[in-house]
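Chemist: Next up is a structure, given as structure tokens.
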Amino acid sequence: MPHIIKLYVRWVDRINRVIGRFAMYFVIVMIVGFLYSAFMRMAFNIYFNWMMESAQFLLSAYYLLGGGYSMQLDSHVRMDLLYSRWSPRTRACVDIVTIWLVVAFLVFLLLGGISSTEYALVNDQRNYTAWAPPLAPIKIIMTFGIFMMLLQTLATFFRDLATALGKSIE
């Protein structure tokens, strides 16, 4: 494989690994927030209306920022009645063809994310709740996560192409 492709795959893998490992801690933040909210409600009868909404934002950021890392680790859910029985080279050949469906989906998702983020920034879009947080920050994070997943999908394509050709990407 050309050096530039190897460099691209290493760079995208490294960035998604850092982002994915960082995003893993969002679950801990959500747990601590829910525990604190439950404690304050039970002990002092103080309600936090914003806690559930914050958790939804964190969960969205968690799975979209972790998507590229999950793809890198090949730990996403797939139905593999036949896939697991194939040789690595056959799997790579099938993945080379089918990954373009994922690319097309992510491109449409990215275009929608960019449009939605632009709308949120221009119009100061806020959620329709009592807390009414601005939606632009989470939309920016979500669009960035989709973009990184798209980059990881292309890196996976190059890795599968190298496997199909019997070459190493590393």
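Each chain in the structure tokens gets a letter, A, B, ..., in the order shown, and its residues are numbered from 1; ligands are numbered from 1 in order too.
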List the neighbours of Met1 in chain A out to 8 Å using only C-alpha atoms; skip same-chain residues closer than 2 positions along the sequence, and give me the result as a list of chain:residue names.
Modeler: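 Returned residues: A:His3, A:Ile5, A:Lys6, A:Ala162, A:Lys167, A:Ser168, A:Ile169.
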Chemist: Write out as a compact mmCIF listing (two decimals) with C-alpha atoms, in the first residue's frame all residues of chain A that DSSP puts in helix (DSSP H, G or I) for this structure's backbone.
Modeler:
# COMPACT_ATOMS: atom_id res chain seq x y z
CA HIS A 3 2.81 5.34 2.25
CA ILE A 4 0.15 8.09 2.26
CA ILE A 5 -2.62 5.51 2.76
CA LYS A 6 -0.72 3.84 5.59
CA LEU A 7 -0.17 7.23 7.18
CA TYR A 8 -3.88 8.08 6.80
CA VAL A 9 -4.98 4.81 8.42
CA ARG A 10 -2.57 5.25 11.34
CA TRP A 11 -3.60 8.88 11.86
CA VAL A 12 -7.35 8.18 11.79
CA ASP A 13 -6.94 5.13 14.06
CA ARG A 14 -4.95 7.15 16.56
CA ILE A 15 -7.39 10.09 16.63
CA ASN A 16 -10.46 7.82 16.94
CA ARG A 17 -8.78 5.81 19.69
CA VAL A 18 -8.18 8.96 21.74
CA ILE A 19 -11.69 10.31 21.12
CA GLY A 20 -13.33 6.93 21.82
CA ARG A 21 -11.46 6.40 25.07
CA PHE A 22 -12.33 9.92 26.16
CA ALA A 23 -16.02 9.37 25.31
CA TYR A 25 -16.01 8.34 30.54
CA PHE A 26 -19.31 10.02 29.63
CA VAL A 27 -21.09 6.97 31.05
CA ILE A 28 -19.42 7.54 34.42
CA VAL A 29 -20.41 11.21 34.33
CA MET A 30 -24.02 10.19 33.64
CA ILE A 31 -24.02 7.68 36.50
CA VAL A 32 -22.61 10.23 38.95
CA GLY A 33 -25.15 12.81 37.77
CA PHE A 34 -28.06 10.40 38.19
CA LEU A 35 -26.85 9.33 41.65
CA TYR A 36 -26.46 12.94 42.75
CA SER A 37 -29.88 13.82 41.36
CA ALA A 38 -31.52 10.85 43.08
CA PHE A 39 -29.78 11.62 46.38
CA MET A 40 -30.84 15.29 46.30
CA ARG A 41 -34.42 14.33 45.46
CA MET A 42 -34.67 11.71 48.22
CA ALA A 43 -32.72 13.53 50.92
CA PHE A 44 -33.71 17.17 50.35
CA TRP A 50 -32.00 19.43 33.61
CA MET A 51 -30.47 16.08 34.62
CA MET A 52 -32.38 13.88 32.17
CA GLU A 53 -31.71 16.26 29.30
CA SER A 54 -28.02 16.41 30.15
CA ALA A 55 -27.90 12.63 30.19
CA GLN A 56 -29.51 12.51 26.75
CA PHE A 57 -26.91 14.93 25.41
CA LEU A 58 -24.09 12.92 27.00
CA LEU A 59 -25.44 9.66 25.63
CA SER A 60 -25.68 11.13 22.13
CA ALA A 61 -22.11 12.38 22.36
CA TYR A 62 -21.01 9.02 23.79
CA TYR A 63 -22.27 6.84 20.98
CA LEU A 64 -21.44 9.23 18.13
CA LEU A 65 -17.93 10.05 19.34
CA GLY A 67 -18.66 5.16 16.76
CA GLY A 68 -15.34 5.44 14.95
CA TYR A 69 -13.52 3.69 17.79
CA SER A 70 -16.12 0.92 17.81
CA MET A 71 -15.66 0.49 14.07
CA GLN A 72 -11.89 0.43 14.50
CA LEU A 73 -12.16 -2.36 17.07
CA TYR A 83 -19.48 -14.00 7.80
CA SER A 84 -17.69 -15.56 10.79
CA ARG A 85 -17.05 -18.78 8.83
CA PRO A 88 -10.20 -13.08 6.54
CA ARG A 89 -9.50 -12.47 2.86
CA THR A 90 -13.08 -13.35 1.81
CA ARG A 91 -14.47 -11.13 4.57
CA ALA A 92 -12.26 -8.29 3.37
CA CYS A 93 -13.49 -8.73 -0.22
CA VAL A 94 -17.13 -8.64 0.87
CA ASP A 95 -16.45 -5.65 3.14
CA ILE A 96 -14.81 -3.74 0.29
CA VAL A 97 -18.11 -3.86 -1.58
CA THR A 98 -20.56 -3.42 1.30
CA ILE A 99 -18.67 -0.65 3.10
CA TRP A 100 -19.81 1.81 0.44
CA LEU A 101 -23.35 1.48 1.79
CA VAL A 102 -22.02 2.65 5.15
CA VAL A 103 -20.13 5.49 3.46
CA ALA A 104 -23.28 6.61 1.63
CA PHE A 105 -25.31 6.49 4.86
CA LEU A 106 -22.66 8.48 6.76
CA VAL A 107 -22.37 11.08 3.98
CA PHE A 108 -26.13 11.71 4.11
CA LEU A 109 -26.01 11.78 7.91
CA LEU A 110 -23.09 14.24 7.81
CA LEU A 111 -24.86 16.53 5.34
CA GLY A 112 -27.94 16.52 7.57
CA GLY A 113 -25.78 17.16 10.64
CA ILE A 114 -24.05 20.11 9.00
CA SER A 115 -27.38 21.60 7.91
CA SER A 116 -28.91 21.09 11.37
CA THR A 117 -25.84 22.53 13.11
CA GLU A 118 -25.86 25.57 10.85
CA TYR A 119 -29.55 26.14 11.61
CA ALA A 120 -28.92 25.81 15.35
CA LEU A 121 -26.06 28.32 15.22
CA VAL A 122 -27.80 30.89 13.04
CA ALA A 136 -25.70 24.02 18.88
CA PRO A 137 -23.01 22.48 21.14
CA ILE A 138 -24.45 18.96 21.01
CA LYS A 139 -25.11 19.27 17.28
CA ILE A 140 -21.49 20.30 16.70
CA ILE A 141 -20.31 17.30 18.72
CA MET A 142 -22.67 14.97 16.87
CA THR A 143 -21.57 16.26 13.44
CA PHE A 144 -17.92 15.89 14.43
CA GLY A 145 -18.57 12.32 15.60
CA ILE A 146 -20.24 11.44 12.29
CA PHE A 147 -17.31 12.98 10.41
CA MET A 148 -14.81 10.93 12.42
CA MET A 149 -16.85 7.79 11.81
CA LEU A 150 -16.76 8.52 8.08
CA LEU A 151 -12.97 8.90 8.22
CA GLN A 152 -12.72 5.61 10.12
CA THR A 153 -14.93 3.90 7.54
CA LEU A 154 -12.51 4.96 4.80
CA ALA A 155 -9.59 3.73 6.90
CA THR A 156 -11.40 0.40 7.31
CA PHE A 157 -11.87 0.26 3.53
CA PHE A 158 -8.12 0.70 3.00
CA ARG A 159 -7.36 -1.93 5.63
CA ASP A 160 -9.77 -4.39 3.96
CA LEU A 161 -8.30 -3.58 0.55
CA ALA A 162 -4.81 -4.38 1.84
CA THR A 163 -6.09 -7.67 3.34
CA ALA A 164 -7.82 -8.61 0.07
Chemist: Would you mind telling me which residue in A:Pro2, A:Phe48, A:Glu170, A:Met79 lies nearest to Trp131 in chain A when using only C-alpha atoms?
Modeler: A:Phe48
Chemist: What does the structure give for the distance between CA of Met24 in chain A and CA of Ser75 in chain A, in Å to one decimal?
Modeler: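 The value is 14.2 Å.
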Chemist: Report, in Å to a single decimal, how far apart CA of Asn45 in chain A and CA of Arg126 in chain A are.
Modeler: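 These two atoms are separated by 27.7 Å.
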Chemist: For a test of reading the model, state the distance in Å between CA of Gly66 in chain A and CA of Arg78 in chain A, rounded to one decimal.
Modeler: 16.7 Å
